[in-house]
Amino acid sequence: MPEKPSVRAVLLGALPFLAMCFSVPLWDRIDPIVLGMPFNFFWLVLWIPLSSLCLWMAYRVDRHRR
Amino acid sequence: MRSSLLPIGIISAIVLLGSGIGLLAGSRRKMDLEQWTVGGRGFGLILVWLLMAGEVYTTFSFLGASGWAYSRGAPALYILAYITLGYVVSFFILPPIWEMGRKFSLQTQSDFFETRYQSKALAALVSLSSVAFLIPYLEIQIAGLGIIAQISSFDRIGRAPAMIIAVALVAAFVFAGGIRAVAWVSILKDALMIFAALAVGIGVPYIYFGGIGPMFSALAHTRPAHLVMPGATANMGHAWYISTVLLTSLGFYMWPHTFAAAFTARSAAVLRRNAIVMPLYTLSLVFIFFTGFTALLVVPGLANGDLALFTLVRKAFPNWFLGLIGGAGALTAMVPAAILLLTAATLFAKNVYRPLFAPAMSESQIARLARAMVIVLGLLTLYFAIYSSTTLVSLLLLGYAGVTQFFPGIVLGLYSNRVTKSAVFAGLLTGLLTLCFLMFSNHDPFLGINAGFFALCLNFTVTFVLIRGQKKNRLLSIPTTPRSTPK
């Protein structure tokens with residue numbers, strides 16, 4: 001049985017799900033337009049690099065265990 | 001008629017160059033089954049990245065993403081979310097899958113089910129449904145290639161000859177170089193794809209509106225409803241969005257070819273690092289969306305949204321540029337087609353034919369049969385693509401929801417020692433039957449949520465209920481190391 005990821009790593013992984021999936025009613029709108037993009041579009045584009053960042057932090061958190 | 005020779009020449013050159021790279025890639029190695037299917041488990045970060053980007057960014061990303069933005073509007077945003085979240089899921093599940101793969105020499109997804117659950121019946125159910133789901137996916141790639149060749153050659157190249165040539169080239173380099181060939185052709189494909197996305201996504205709004213901002217302002221002014229969900233659709237609202245993003249991000253690495261790509265990595269850490277960098281490639285899709293939205297303003301009223309990107313490129317750019325984009329599009333079909341062909345052929349030889357008809361087959365006989373199946377499946381795909389019907393598109397949607405039904409068996413198989421083969425088998429069967437029933441009776445979305453997600457919930461429920469109902473002394477002994485103590 002492989003070792004389970006730590007709680008902190010799983011929470012870091014849950015963050016992008018919260019931001020890009022479950023919270024859709026909060027950000028699915030046109031205004032304010034940011035960087036020329038409708039807000040829903042901008043929000044998802046913003047969370048692409050932020051998701052990478054979350055995974056990188058999860059990697060750092062669990063690295064000492066391997 | 002404008003001169004069509006230039007774009008045809010450029011597309012041909014790109015396609016031949018890509019195929020040449022593929023043929024060379026495997027030429028120096030002895031191709032046994034292990035080398036052919038999982039690259040000898042020796043890929044570092046760069047080859048794994050190329051392979052996964054190669055198989056994930058398909059003609060669907062190219063034609064479909066712009067087509068969805070064009071014809072449906074905001075619901076298309078689900079694509080940005082599910083691909084990114086699919087990598088988040090991969091960060092957690094691919095490393096343990098890789099560990100099992102190395103320990104038990106797994107080469108396919110069905111190998112995983114057979115080894116983990118010690119069940120030939122479960123593995124057979126997974127294999128047969130996998131092959132059935134892969135064929136439409138393959139067919140879509142080839143059909144997309146036909147469309148691209150036809151449009152970018154100003155109808156000089158027919159769809160059928162283009163598809164025949166492409167399938168022959170793909171079969172040749174898969175036959176010769178296996179998975180290593182696919183990863184190497186991806187170098188050219190991804191470079192061209194990123195170039196094409198940026199050039200078209202920035203260029204087209206600039207040419208017609210003076211920039212991306214003014215383009216969106218024009219769209220927000222004329223068609224504001226297009227830019228928020230459910231966009232131009234009737235039933236793709238927030239409930240649909242959440243259920244679809246969950247289903248497709250969980251299912252992202254449940255495709256037999258994306259799953260098996262994990263086995264090519266040199267170490268589990270390579271897969272973690274890959275998951276960190278992969279989302280950044282999703283940014284290139286953003287530019288494909290810009291193109292789709294621009295097309296809605298510039299060339300409205302197309303019957304088929306999938307044609308939006310190329311129609312716009314043909315209108316806005318010179319011929320040689322059209323050839324370049326056409327070549328990028330053709331490779332974007334050929335690389336995923338290659339990996340799909342390889343996966344389906346291996347699954348058929350190793351996990352369908354051998355257990356059913358020839359249990360005594362050796363590895364080298366499987367390798368020979370798998371290579372022969374590349375040609376057979378290539379011909380079968382051509383037949384479907386040439387005589388294609390619209391139902392194949394719905395078969396692809398069925399496939400996506402279908403492979404996601406493997407999720408409970410895989411994740412519980414990795415992290416739970418109470419899960420049993422009968423629970424997984426019953427859950428999977430429930431999921432697949434529910435799905436087929438809802439899809440074929442046109443109940444997708446079902447009660448406002450994705451029908452596949454509904455099936456997945458039932459699947460999980462059945463699996464959990466059966467696990468809880470089983471007595472502890474019937475625990476399956478798991479062929480892995482003892483569970484480590486929680487920290």
# chains A, B, ... in the order shown; residues from 1 in each chain; ligands from 1

$ select_by_dssp --residues "region 6-56 of chain A" --states "alpha helix (DSSP H)" --output "MDAnalysis selection string"
chainID A and resid 7:17 24:27 39:56

$ write_last_selection --atoms "N, CA, C and O atoms" --output "compact mmCIF listing (two decimals), in the first residue's frame"
# COMPACT_ATOMS: atom_id res chain seq x y z
N VAL A 7 -2.03 15.54 5.04
CA VAL A 7 -3.26 16.35 5.04
C VAL A 7 -2.99 17.72 4.42
O VAL A 7 -3.79 18.22 3.63
N ARG A 8 -1.84 18.28 4.77
CA ARG A 8 -1.53 19.60 4.22
C ARG A 8 -1.42 19.57 2.70
O ARG A 8 -1.88 20.47 2.00
N ALA A 9 -0.81 18.50 2.17
CA ALA A 9 -0.68 18.38 0.72
C ALA A 9 -2.05 18.23 0.06
O ALA A 9 -2.32 18.84 -0.97
N VAL A 10 -2.93 17.44 0.67
CA VAL A 10 -4.26 17.24 0.11
C VAL A 10 -5.04 18.56 0.13
O VAL A 10 -5.74 18.89 -0.84
N LEU A 11 -4.89 19.33 1.22
CA LEU A 11 -5.58 20.62 1.28
C LEU A 11 -5.07 21.56 0.19
O LEU A 11 -5.86 22.28 -0.44
N LEU A 12 -3.76 21.54 -0.04
CA LEU A 12 -3.21 22.36 -1.12
C LEU A 12 -3.77 21.94 -2.47
O LEU A 12 -3.98 22.75 -3.36
N GLY A 13 -4.01 20.63 -2.63
CA GLY A 13 -4.59 20.13 -3.87
C GLY A 13 -6.08 20.48 -3.98
O GLY A 13 -6.61 20.62 -5.08
N ALA A 14 -6.74 20.61 -2.83
CA ALA A 14 -8.18 20.93 -2.84
C ALA A 14 -8.43 22.39 -3.21
O ALA A 14 -9.48 22.73 -3.76
N LEU A 15 -7.44 23.22 -2.93
CA LEU A 15 -7.59 24.66 -3.18
C LEU A 15 -7.95 24.98 -4.65
O LEU A 15 -8.91 25.71 -4.90
N PRO A 16 -7.22 24.44 -5.64
CA PRO A 16 -7.61 24.71 -7.04
C PRO A 16 -9.02 24.22 -7.36
O PRO A 16 -9.73 24.85 -8.14
N PHE A 17 -9.45 23.09 -6.75
CA PHE A 17 -10.82 22.62 -6.99
C PHE A 17 -11.83 23.62 -6.47
O PHE A 17 -12.85 23.89 -7.11
N VAL A 24 -17.93 28.38 -8.80
CA VAL A 24 -18.29 29.01 -10.09
C VAL A 24 -19.38 30.08 -9.98
O VAL A 24 -19.27 31.12 -10.64
N PRO A 25 -20.42 29.95 -9.13
CA PRO A 25 -21.44 31.01 -9.11
C PRO A 25 -20.87 32.36 -8.66
O PRO A 25 -21.42 33.40 -8.99
N LEU A 26 -19.75 32.31 -7.91
CA LEU A 26 -19.18 33.56 -7.40
C LEU A 26 -18.42 34.36 -8.45
O LEU A 26 -18.34 35.57 -8.38
N TRP A 27 -17.85 33.66 -9.42
CA TRP A 27 -16.99 34.40 -10.37
C TRP A 27 -17.46 34.34 -11.82
O TRP A 27 -16.82 34.93 -12.70
N PHE A 39 -14.43 38.67 -16.43
CA PHE A 39 -13.91 38.25 -15.14
C PHE A 39 -13.79 36.73 -15.01
O PHE A 39 -12.79 36.22 -14.50
N ASN A 40 -14.80 35.96 -15.51
CA ASN A 40 -14.74 34.50 -15.37
C ASN A 40 -13.53 33.93 -16.12
O ASN A 40 -12.83 33.04 -15.64
N PHE A 41 -13.27 34.50 -17.27
CA PHE A 41 -12.13 34.08 -18.09
C PHE A 41 -10.82 34.39 -17.36
O PHE A 41 -9.96 33.53 -17.19
N PHE A 42 -10.73 35.64 -16.88
CA PHE A 42 -9.54 36.07 -16.15
C PHE A 42 -9.29 35.19 -14.93
O PHE A 42 -8.17 34.78 -14.65
N TRP A 43 -10.35 34.89 -14.19
CA TRP A 43 -10.24 34.12 -12.95
C TRP A 43 -9.61 32.74 -13.23
O TRP A 43 -8.69 32.32 -12.52
N LEU A 44 -10.10 32.08 -14.27
CA LEU A 44 -9.55 30.75 -14.59
C LEU A 44 -8.11 30.85 -15.07
O LEU A 44 -7.26 30.04 -14.69
N VAL A 45 -7.84 31.86 -15.89
CA VAL A 45 -6.47 32.04 -16.38
C VAL A 45 -5.52 32.29 -15.21
O VAL A 45 -4.42 31.75 -15.16
N LEU A 46 -5.99 33.09 -14.23
CA LEU A 46 -5.18 33.37 -13.05
C LEU A 46 -4.88 32.09 -12.27
O LEU A 46 -3.78 31.88 -11.78
N TRP A 47 -5.88 31.20 -12.19
CA TRP A 47 -5.72 30.01 -11.36
C TRP A 47 -4.93 28.89 -12.02
O TRP A 47 -4.59 27.92 -11.36
N ILE A 48 -4.61 29.05 -13.29
CA ILE A 48 -3.75 28.04 -13.91
C ILE A 48 -2.34 28.09 -13.29
O ILE A 48 -1.88 27.09 -12.73
N PRO A 49 -1.66 29.25 -13.29
CA PRO A 49 -0.36 29.28 -12.60
C PRO A 49 -0.49 29.08 -11.08
O PRO A 49 0.39 28.48 -10.47
N LEU A 50 -1.59 29.57 -10.49
CA LEU A 50 -1.74 29.38 -9.04
C LEU A 50 -1.87 27.90 -8.69
O LEU A 50 -1.41 27.46 -7.64
N SER A 51 -2.49 27.11 -9.59
CA SER A 51 -2.58 25.66 -9.36
C SER A 51 -1.19 25.04 -9.37
O SER A 51 -0.88 24.18 -8.55
N SER A 52 -0.36 25.46 -10.32
CA SER A 52 1.02 25.00 -10.35
C SER A 52 1.71 25.31 -9.03
O SER A 52 2.42 24.48 -8.47
N LEU A 53 1.46 26.51 -8.54
CA LEU A 53 2.07 26.95 -7.29
C LEU A 53 1.63 26.07 -6.12
O LEU A 53 2.44 25.63 -5.30
N CYS A 54 0.31 25.76 -6.06
CA CYS A 54 -0.21 24.89 -5.00
C CYS A 54 0.48 23.53 -5.04
O CYS A 54 0.86 22.98 -4.01
N LEU A 55 0.62 22.97 -6.26
CA LEU A 55 1.25 21.64 -6.37
C LEU A 55 2.72 21.70 -5.98
O LEU A 55 3.24 20.78 -5.36
N TRP A 56 3.37 22.80 -6.33
CA TRP A 56 4.77 22.94 -5.97
C TRP A 56 4.91 22.97 -4.44
O TRP A 56 5.80 22.34 -3.86

$ residues_around --residues "Tyr281 (chain B)" --least-positions-apart "4" --cutoff "8 Å" --atoms "only C-alpha atoms" --output "list in words"
Ala53, Val277 and Leu285 of chain B

$ write_last_selection --atoms "C-alpha atoms" --output "PDB file, in the first residue's frame"
ATOM      1  CA  ALA B  53       1.374  17.103 -23.665  1.00  0.00           C
ATOM      2  CA  VAL B 277       4.626  22.167 -14.801  1.00  0.00           C
ATOM      3  CA  LEU B 285      -5.399  26.900 -24.862  1.00  0.00           C
TER       4      LEU B 285
END

$ closest_atom_pairs --of "chain B" --to "chain A" --cutoff "7 Å" --atoms "only C-alpha atoms" --output "CSV"
residue,atom,partner,partner_atom,distance
B:Leu80,CA,A:Leu44,CA,6.9
B:Ala81,CA,A:Met20,CA,5.8
B:Thr84,CA,A:Ile48,CA,6.4
B:Leu85,CA,A:Phe17,CA,6.7
B:Val88,CA,A:Gly13,CA,6.2
B:Pro96,CA,A:Pro2,CA,5.8
B:Ile212,CA,A:Gly36,CA,6.2
B:Gly213,CA,A:Gly36,CA,3.7
B:Phe216,CA,A:Met37,CA,6.5
B:Leu227,CA,A:Ile30,CA,6.7
B:Val228,CA,A:Arg29,CA,5.8
B:His238,CA,A:Val24,CA,6.6
B:Ile242,CA,A:Cys21,CA,5.5
B:Val245,CA,A:Cys21,CA,6.6
B:Ile276,CA,A:Ser52,CA,4.9
B:Val277,CA,A:Ser52,CA,6.4
B:Pro279,CA,A:Ile48,CA,5.9
B:Leu280,CA,A:Pro49,CA,6.1
B:Leu414,CA,A:Met1,CA,6.5
B:Tyr415,CA,A:Met1,CA,6.5
B:Thr480,CA,A:Met1,CA,5.6
B:Thr481,CA,A:Met1,CA,5.9
B:Pro482,CA,A:Met1,CA,6.3
B:Arg483,CA,A:Met1,CA,5.1
B:Ser484,CA,A:Glu3,CA,6.5

$ write_last_selection --atoms "C-alpha atoms" --output "PDB file, in the first residue's frame"
ATOM      1  CA  LEU B  80      -9.500  25.329 -18.893  1.00  0.00           C
ATOM      2  CA  ALA B  81     -10.662  24.147 -15.479  1.00  0.00           C
ATOM      3  CA  THR B  84      -5.697  22.068 -14.916  1.00  0.00           C
ATOM      4  CA  LEU B  85      -7.519  20.100 -12.210  1.00  0.00           C
ATOM      5  CA  VAL B  88      -3.818  18.270  -9.716  1.00  0.00           C
ATOM      6  CA  PRO B  96       1.559   5.429  -6.464  1.00  0.00           C
ATOM      7  CA  ILE B 212      -7.888  41.143 -27.173  1.00  0.00           C
ATOM      8  CA  GLY B 213      -9.502  43.719 -24.873  1.00  0.00           C
ATOM      9  CA  PHE B 216     -14.040  41.154 -25.702  1.00  0.00           C
ATOM     10  CA  LEU B 227     -19.880  35.267 -22.090  1.00  0.00           C
ATOM     11  CA  VAL B 228     -21.533  33.849 -18.962  1.00  0.00           C
ATOM     12  CA  HIS B 238     -23.431  26.021 -12.980  1.00  0.00           C
ATOM     13  CA  ILE B 242     -19.371  21.658 -11.528  1.00  0.00           C
ATOM     14  CA  VAL B 245     -15.425  19.569 -14.346  1.00  0.00           C
ATOM     15  CA  ILE B 276       3.557  20.921 -11.363  1.00  0.00           C
ATOM     16  CA  VAL B 277       4.626  22.167 -14.801  1.00  0.00           C
ATOM     17  CA  PRO B 279      -0.886  23.275 -16.018  1.00  0.00           C
ATOM     18  CA  LEU B 280       1.267  26.015 -17.524  1.00  0.00           C
ATOM     19  CA  LEU B 414      -4.244   2.358  -4.314  1.00  0.00           C
ATOM     20  CA  TYR B 415      -5.297   3.615  -0.925  1.00  0.00           C
ATOM     21  CA  THR B 480       2.149  -4.773  -2.033  1.00  0.00           C
ATOM     22  CA  THR B 481       4.338  -3.919   0.888  1.00  0.00           C
ATOM     23  CA  PRO B 482       2.695  -3.746   4.309  1.00  0.00           C
ATOM     24  CA  ARG B 483       0.933  -0.515   5.029  1.00  0.00           C
ATOM     25  CA  SER B 484       3.174   2.047   6.606  1.00  0.00           C
TER      26      SER B 484
END

$ closest_residue --among "B:Gln150, B:Ser422, B:Leu246, B:Leu16" --to "Leu18 (chain A)" --atoms "only C-alpha atoms"
B:Leu246

$ closest_residue --among "B:Val126, B:Ile147, B:Leu331, B:Val419" --to "Gln405 (chain B)" --atoms "only C-alpha atoms"
B:Val126

$ decode --residues "region 345-409 of chain B" --atoms "C-alpha atoms" --output "PDB file, in the first residue's frame"
ATOM      1  CA  ALA B 345      -3.134  -2.540 -29.909  1.00  0.00           C
ATOM      2  CA  THR B 346      -1.297  -3.455 -26.688  1.00  0.00           C
ATOM      3  CA  LEU B 347      -4.539  -3.816 -24.749  1.00  0.00           C
ATOM      4  CA  PHE B 348      -5.976  -6.054 -27.424  1.00  0.00           C
ATOM      5  CA  ALA B 349      -2.913  -8.304 -27.644  1.00  0.00           C
ATOM      6  CA  LYS B 350      -2.000  -8.483 -23.971  1.00  0.00           C
ATOM      7  CA  ASN B 351      -5.269  -8.096 -22.104  1.00  0.00           C
ATOM      8  CA  VAL B 352      -7.944  -9.350 -24.488  1.00  0.00           C
ATOM      9  CA  TYR B 353      -6.426 -11.909 -26.869  1.00  0.00           C
ATOM     10  CA  ARG B 354      -3.930 -13.620 -24.574  1.00  0.00           C
ATOM     11  CA  PRO B 355      -6.223 -14.352 -21.600  1.00  0.00           C
ATOM     12  CA  LEU B 356      -9.096 -15.431 -23.855  1.00  0.00           C
ATOM     13  CA  PHE B 357      -7.392 -17.425 -26.589  1.00  0.00           C
ATOM     14  CA  ALA B 358      -3.723 -18.077 -25.863  1.00  0.00           C
ATOM     15  CA  PRO B 359      -2.744 -18.013 -22.172  1.00  0.00           C
ATOM     16  CA  ALA B 360       0.667 -19.486 -22.988  1.00  0.00           C
ATOM     17  CA  MET B 361       1.760 -16.592 -25.218  1.00  0.00           C
ATOM     18  CA  SER B 362       5.246 -15.248 -24.543  1.00  0.00           C
ATOM     19  CA  GLU B 363       6.139 -11.562 -24.264  1.00  0.00           C
ATOM     20  CA  SER B 364       7.728 -11.529 -27.686  1.00  0.00           C
ATOM     21  CA  GLN B 365       4.652 -13.138 -29.249  1.00  0.00           C
ATOM     22  CA  ILE B 366       2.484 -10.469 -27.592  1.00  0.00           C
ATOM     23  CA  ALA B 367       4.803  -7.805 -28.969  1.00  0.00           C
ATOM     24  CA  ARG B 368       4.447  -9.250 -32.472  1.00  0.00           C
ATOM     25  CA  LEU B 369       0.650  -9.453 -32.210  1.00  0.00           C
ATOM     26  CA  ALA B 370       0.445  -5.901 -30.818  1.00  0.00           C
ATOM     27  CA  ARG B 371       2.432  -4.578 -33.760  1.00  0.00           C
ATOM     28  CA  ALA B 372       0.198  -6.428 -36.189  1.00  0.00           C
ATOM     29  CA  MET B 373      -2.820  -4.962 -34.408  1.00  0.00           C
ATOM     30  CA  VAL B 374      -1.479  -1.448 -35.068  1.00  0.00           C
ATOM     31  CA  ILE B 375      -2.107  -2.102 -38.749  1.00  0.00           C
ATOM     32  CA  VAL B 376      -5.481  -3.816 -38.241  1.00  0.00           C
ATOM     33  CA  LEU B 377      -6.788  -1.088 -35.929  1.00  0.00           C
ATOM     34  CA  GLY B 378      -5.423   1.586 -38.258  1.00  0.00           C
ATOM     35  CA  LEU B 379      -7.456   0.140 -41.113  1.00  0.00           C
ATOM     36  CA  LEU B 380     -10.537  -0.190 -38.914  1.00  0.00           C
ATOM     37  CA  THR B 381     -10.241   3.461 -37.876  1.00  0.00           C
ATOM     38  CA  LEU B 382      -9.889   4.533 -41.483  1.00  0.00           C
ATOM     39  CA  TYR B 383     -13.052   2.666 -42.342  1.00  0.00           C
ATOM     40  CA  PHE B 384     -14.952   4.429 -39.535  1.00  0.00           C
ATOM     41  CA  ALA B 385     -13.451   7.818 -40.370  1.00  0.00           C
ATOM     42  CA  ILE B 386     -14.268   7.601 -44.079  1.00  0.00           C
ATOM     43  CA  TYR B 387     -17.793   6.326 -43.563  1.00  0.00           C
ATOM     44  CA  SER B 388     -18.177   8.366 -40.390  1.00  0.00           C
ATOM     45  CA  SER B 389     -21.495   9.182 -38.845  1.00  0.00           C
ATOM     46  CA  THR B 390     -22.318  11.799 -36.241  1.00  0.00           C
ATOM     47  CA  THR B 391     -23.004   9.108 -33.648  1.00  0.00           C
ATOM     48  CA  LEU B 392     -19.258   8.680 -33.192  1.00  0.00           C
ATOM     49  CA  VAL B 393     -19.073  12.082 -31.526  1.00  0.00           C
ATOM     50  CA  SER B 394     -21.573  10.922 -28.948  1.00  0.00           C
ATOM     51  CA  LEU B 395     -19.550   7.721 -28.567  1.00  0.00           C
ATOM     52  CA  LEU B 396     -16.562   9.868 -27.620  1.00  0.00           C
ATOM     53  CA  LEU B 397     -18.571  11.634 -24.928  1.00  0.00           C
ATOM     54  CA  LEU B 398     -19.700   8.221 -23.751  1.00  0.00           C
ATOM     55  CA  GLY B 399     -16.056   7.134 -23.687  1.00  0.00           C
ATOM     56  CA  TYR B 400     -14.978  10.025 -21.480  1.00  0.00           C
ATOM     57  CA  ALA B 401     -17.698   9.338 -18.971  1.00  0.00           C
ATOM     58  CA  GLY B 402     -17.021   5.612 -19.425  1.00  0.00           C
ATOM     59  CA  VAL B 403     -13.320   5.580 -18.534  1.00  0.00           C
ATOM     60  CA  THR B 404     -14.074   7.689 -15.457  1.00  0.00           C
ATOM     61  CA  GLN B 405     -15.998   4.704 -14.099  1.00  0.00           C
ATOM     62  CA  PHE B 406     -12.558   3.079 -13.560  1.00  0.00           C
ATOM     63  CA  PHE B 407     -11.753   5.781 -10.988  1.00  0.00           C
ATOM     64  CA  PRO B 408     -13.174   4.093  -7.853  1.00  0.00           C
ATOM     65  CA  GLY B 409     -11.398   0.811  -8.641  1.00  0.00           C
TER      66      GLY B 409
END
